[in-house]
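Below is target.txt, which holds compact mmCIF, C-alpha atoms.
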# COMPACT_ATOMS: atom_id res chain seq x y z
CA MET A 820 37.75 -39.02 -12.80
CA THR A 821 38.97 -36.53 -10.23
CA VAL A 822 37.88 -37.40 -6.70
CA ILE A 823 38.79 -35.29 -3.68
CA GLU A 824 38.42 -36.75 -0.21
CA THR A 825 38.59 -34.86 3.05
CA GLY A 826 38.09 -36.13 6.56
CA ARG A 827 34.31 -36.07 6.20
CA LEU A 828 33.52 -35.34 2.55
CA ILE A 829 33.85 -36.74 -0.95
CA LEU A 830 33.91 -34.34 -3.88
CA LYS A 831 33.32 -35.69 -7.38
CA PRO A 832 32.70 -33.86 -10.63
CA TYR A 833 29.01 -33.50 -11.32
CA ALA A 834 27.59 -36.26 -13.50
CA GLU A 835 24.20 -36.51 -15.22
CA ALA A 836 22.88 -38.51 -12.25
CA ASP A 837 23.40 -35.42 -10.04
CA ALA A 838 21.13 -33.09 -12.04
CA ALA A 839 18.08 -33.50 -9.78
CA SER A 840 20.13 -32.92 -6.60
CA MET A 841 21.66 -29.80 -8.11
CA ALA A 842 18.26 -28.48 -9.25
CA ALA A 843 16.76 -29.04 -5.78
CA LEU A 844 19.67 -27.17 -4.17
CA HIS A 845 19.22 -24.22 -6.53
CA ALA A 846 15.45 -24.21 -5.91
CA ASP A 847 15.86 -23.85 -2.13
CA SER A 848 14.94 -20.26 -1.27
CA VAL A 849 16.77 -20.33 2.09
CA VAL A 850 20.03 -21.34 0.41
CA MET A 851 19.69 -19.12 -2.63
CA ASP A 852 18.88 -16.07 -0.51
CA TYR A 853 22.60 -15.89 0.24
CA LEU A 854 23.74 -15.96 -3.36
CA LYS A 855 24.41 -12.96 -5.56
CA ASP A 856 20.87 -12.07 -6.59
CA SER A 857 18.95 -13.97 -3.88
CA LYS A 858 16.71 -15.82 -6.30
CA THR A 859 16.06 -19.46 -6.89
CA LEU A 860 16.55 -21.05 -10.29
CA THR A 861 13.66 -22.40 -12.29
CA PRO A 862 14.01 -26.01 -13.47
CA ASP A 863 15.04 -24.74 -16.92
CA GLU A 864 17.62 -22.33 -15.46
CA ALA A 865 19.03 -25.09 -13.24
CA ALA A 866 19.28 -27.43 -16.23
CA GLU A 867 21.07 -24.75 -18.25
CA THR A 868 23.50 -24.03 -15.40
CA PHE A 869 24.13 -27.75 -14.86
CA ALA A 870 24.85 -28.19 -18.57
CA ARG A 871 27.39 -25.34 -18.40
CA TYR A 872 29.07 -27.05 -15.44
CA LEU A 873 29.51 -30.22 -17.51
CA VAL A 874 30.80 -28.30 -20.54
CA CYS A 875 33.32 -26.52 -18.33
CA TRP A 876 34.72 -29.88 -17.18
CA ARG A 877 35.22 -30.95 -20.79
CA GLU A 878 36.62 -27.67 -22.05
CA HIS A 879 38.68 -26.44 -19.09
CA GLY A 880 39.48 -29.44 -16.90
CA HIS A 881 37.81 -27.90 -13.87
CA SER A 882 34.28 -27.10 -12.84
CA ILE A 883 31.82 -27.77 -10.05
CA PHE A 884 31.96 -30.82 -7.79
CA ALA A 885 29.06 -32.57 -6.10
CA VAL A 886 29.86 -32.70 -2.38
CA ARG A 887 28.67 -35.68 -0.34
CA LEU A 888 29.20 -36.94 3.17
CA LYS A 889 31.63 -39.84 3.37
CA ASP A 890 29.61 -41.82 5.89
CA ASP A 891 26.23 -41.96 4.12
CA ALA A 892 26.75 -40.26 0.71
CA ALA A 893 24.17 -37.58 1.55
CA PHE A 894 24.31 -34.67 -0.90
CA VAL A 895 25.68 -31.65 0.99
CA GLY A 896 26.02 -29.21 -1.89
CA GLU A 897 28.44 -28.11 -4.57
CA CYS A 898 31.72 -26.30 -4.86
CA GLY A 899 34.39 -25.69 -7.43
CA PHE A 900 35.44 -23.39 -10.21
CA TRP A 901 33.84 -22.63 -13.53
CA MET A 902 34.00 -20.23 -16.40
CA ARG A 903 30.91 -18.08 -16.25
CA THR A 904 29.37 -16.87 -19.48
CA ASP A 905 28.91 -13.28 -18.24
CA LYS A 906 32.36 -12.50 -16.76
CA PRO A 907 35.95 -13.40 -17.62
CA GLY A 908 38.22 -15.55 -15.51
CA VAL A 909 37.80 -18.52 -13.24
CA SER A 910 34.98 -18.12 -10.74
CA MET A 911 34.56 -20.04 -7.49
CA ARG A 912 31.11 -21.26 -6.51
CA PHE A 913 30.04 -22.99 -3.33
CA ILE A 914 26.55 -23.72 -2.09
CA MET A 915 25.36 -26.02 0.70
CA HIS A 916 21.97 -27.20 1.90
CA HIS A 917 21.16 -25.17 5.00
CA ALA A 918 20.85 -28.35 7.09
CA TYR A 919 24.67 -28.60 6.83
CA TRP A 920 25.51 -25.00 7.73
CA GLY A 921 27.58 -24.39 10.84
CA ASN A 922 29.41 -27.73 10.82
CA GLY A 923 32.66 -26.63 9.17
CA TYR A 924 31.82 -28.31 5.86
CA GLY A 925 32.08 -25.02 3.96
CA TRP A 926 35.71 -24.52 4.95
CA GLU A 927 36.53 -28.22 4.53
CA MET A 928 35.23 -28.46 0.97
CA ASN A 929 36.57 -25.09 -0.19
CA GLU A 930 40.04 -25.57 1.24
CA ALA A 931 40.24 -28.99 -0.41
CA VAL A 932 38.96 -27.83 -3.80
CA THR A 933 41.29 -24.80 -3.78
CA ALA A 934 44.27 -27.04 -2.95
CA TRP A 935 43.26 -29.26 -5.87
CA LEU A 936 42.89 -26.32 -8.26
CA PHE A 937 46.28 -24.84 -7.45
CA SER A 938 48.13 -28.15 -7.40
CA GLU A 939 46.48 -30.01 -10.29
CA THR A 940 45.71 -27.28 -12.85
CA ASP A 941 47.55 -24.33 -14.33
CA VAL A 942 44.99 -21.84 -13.00
CA MET A 943 46.81 -19.01 -11.24
CA SER A 944 43.85 -17.15 -9.72
CA PHE A 945 40.10 -17.09 -9.27
CA TRP A 946 37.43 -14.72 -8.06
CA ALA A 947 34.30 -15.19 -5.97
CA VAL A 948 31.31 -13.05 -5.11
CA THR A 949 29.25 -13.17 -1.93
CA GLN A 950 26.87 -10.98 -0.03
CA SER A 951 28.45 -9.07 2.86
CA ARG A 952 25.85 -10.57 5.23
CA ASN A 953 27.08 -14.07 4.38
CA LYS A 954 29.65 -14.03 7.18
CA GLY A 955 30.59 -17.69 6.69
CA ALA A 956 31.45 -17.22 3.01
CA VAL A 957 33.37 -14.01 3.74
CA ALA A 958 35.42 -15.83 6.40
CA ILE A 959 36.14 -18.75 4.06
CA LEU A 960 37.29 -16.47 1.25
CA ARG A 961 39.55 -14.51 3.60
CA ARG A 962 41.05 -17.74 5.02
CA LEU A 963 41.80 -18.84 1.44
CA GLY A 964 43.89 -15.68 1.02
CA GLY A 965 41.14 -13.72 -0.70
CA ARG A 966 41.64 -10.03 -1.25
CA LEU A 967 38.52 -7.87 -1.20
CA THR A 968 38.50 -6.04 -4.54
CA GLU A 969 34.93 -4.73 -4.75
CA THR A 970 32.26 -3.82 -2.19
CA ALA A 971 29.54 -3.11 -4.74
CA HIS A 972 30.10 -5.75 -7.41
CA MET A 973 28.05 -5.05 -10.53
CA GLY A 974 26.87 -1.86 -8.82
CA GLN A 975 25.10 -3.78 -6.04
CA ALA A 976 25.98 -2.44 -2.58
CA GLY A 977 27.00 -5.19 -0.18
CA LEU A 978 27.94 -7.61 -2.96
CA LEU A 979 31.59 -8.35 -2.30
CA ARG A 980 34.14 -9.65 -4.78
CA PHE A 981 37.24 -11.44 -3.56
CA ASP A 982 40.22 -12.33 -5.71
CA VAL A 983 42.45 -15.25 -4.72
CA ASP A 984 45.74 -15.96 -6.42
CA ARG A 985 47.97 -18.97 -5.99
CA HIS A 986 50.65 -17.04 -4.09
CA ALA A 987 48.18 -15.48 -1.62
CA TRP A 988 46.59 -18.88 -1.02
CA GLN A 989 50.00 -20.44 -0.35
CA ASN A 990 50.82 -17.65 2.12
CA ALA A 991 47.48 -18.03 3.89
CA ARG A 992 47.99 -21.79 4.12
CA ALA A 993 51.49 -21.35 5.57
CA GLU A 994 50.19 -18.88 8.17
CA MET A 995 47.50 -21.36 9.28
CA GLN A 996 50.13 -24.07 9.69
CA ASP A 997 52.25 -21.73 11.81
CA GLU A 998 49.37 -21.07 14.23

Rewrite the structure from the file as structure tokens, please.
Amino acid sequence: MTVIETGRLILKPYAEADAASMAALHADSVVMDYLKDSKTLTPDEAAETFARYLVCWREHGHSIFAVRLKDDAAFVGECGFWMRTDKPGVSMRFIMHHAYWGNGYGWEMNEAVTAWLFSETDVMSFWAVTQSRNKGAVAILRRLGGRLTETAHMGQAGLLRFDVDRHAWQNARAEMQDE
């Protein structure tokens, strides 16, 4: 099993035992307000999404990780890359419980999972969508080398799409090390 460790976090592929934690995260209206369509998932929708995450691991060798604190194993959220059913290509997803916002965990988990993706798989690029008002997500995607490619994704004003390729990520990483 793939396990990614950072200074403060442990990322492991979702397993059946994580289904309830994932469903609770996706039912949190404060958290979900910052996602694409600002709506929570019903228990059935969460179960369907969770099942797709697991299938993606089996079929593609990458998907969404459960993110936990190292010190007490508290469930922080999820991040990773999956193949959505409605759009082509590899899509990044990251969501955290709002109690953990503002502590640098978003950058820590996304930098680590992107490094894993580009060093351990043959994926050459991914895309991610966030609301323009989600300043933290916008900053993370830019720091990863993301290039803004749409400002009204799916016709929705303020819904931003970023594309990140391996080369841009490597350049962004090198620039951070030079600072």

Taking (42.4, -18.6, 6.7) as a centre in this file's frame and 12 Å as the limit, can you find every polymer residue with an atom that close, using all atoms listed in the file, and give them as a ChimeraX atom specification? /A:926-927,929-930,955-966,983,987-998

Show me, as an MDAnalysis selection string, the residues that have an atom within 10 Å of Lys831 of chain A when counting all atoms listed in the file, minus same-chain residues fewer than 4 positions from it. chainID A and resid 820:824 883:887 897:898

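When all atoms listed in the file are used to measure the gap to Arg871 of chain A, the shortest distance among A:Ala846, A:Ala834, A:Met851, A:Ala892 belongs to A:Ala834.
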
One number please: atom CA of Ser857 of chain A to atom CA of Gly977 of chain A, in Å, one decimal. 12.5 Å

Which residues come within 9 Å of Val909 of chain A, counting all atoms listed in the file, excluding same-chain residues fewer than 2 positions away, as a VMD selection string? chain A and resid 900 to 903 906 to 907 911 942 944 to 947

Tell me, in Å to one decimal, how far atom CA of Asp856 of chain A is from atom CA of Tyr872 of chain A.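 Taking atom CA of Asp856 of chain A and atom CA of Tyr872 of chain A, their separation equals 19.2 Å.
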
Pick from A:Pro832, A:Gly880, A:Gly925, A:Gly826, whichever lies nearest to Phe913 of chain A using all atoms listed in the file: A:Gly925

Please list as a PyMOL selection string every residue within 10 Å of Val850 of chain A, counting all atoms listed in the file and excluding residues in the same chain fewer than 6 positions away. chain A and resi 844+857-859+914-918+920

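We find atom CA of Met943 of chain A and atom CA of Ala971 of chain A to be spaced 24.4 Å apart.
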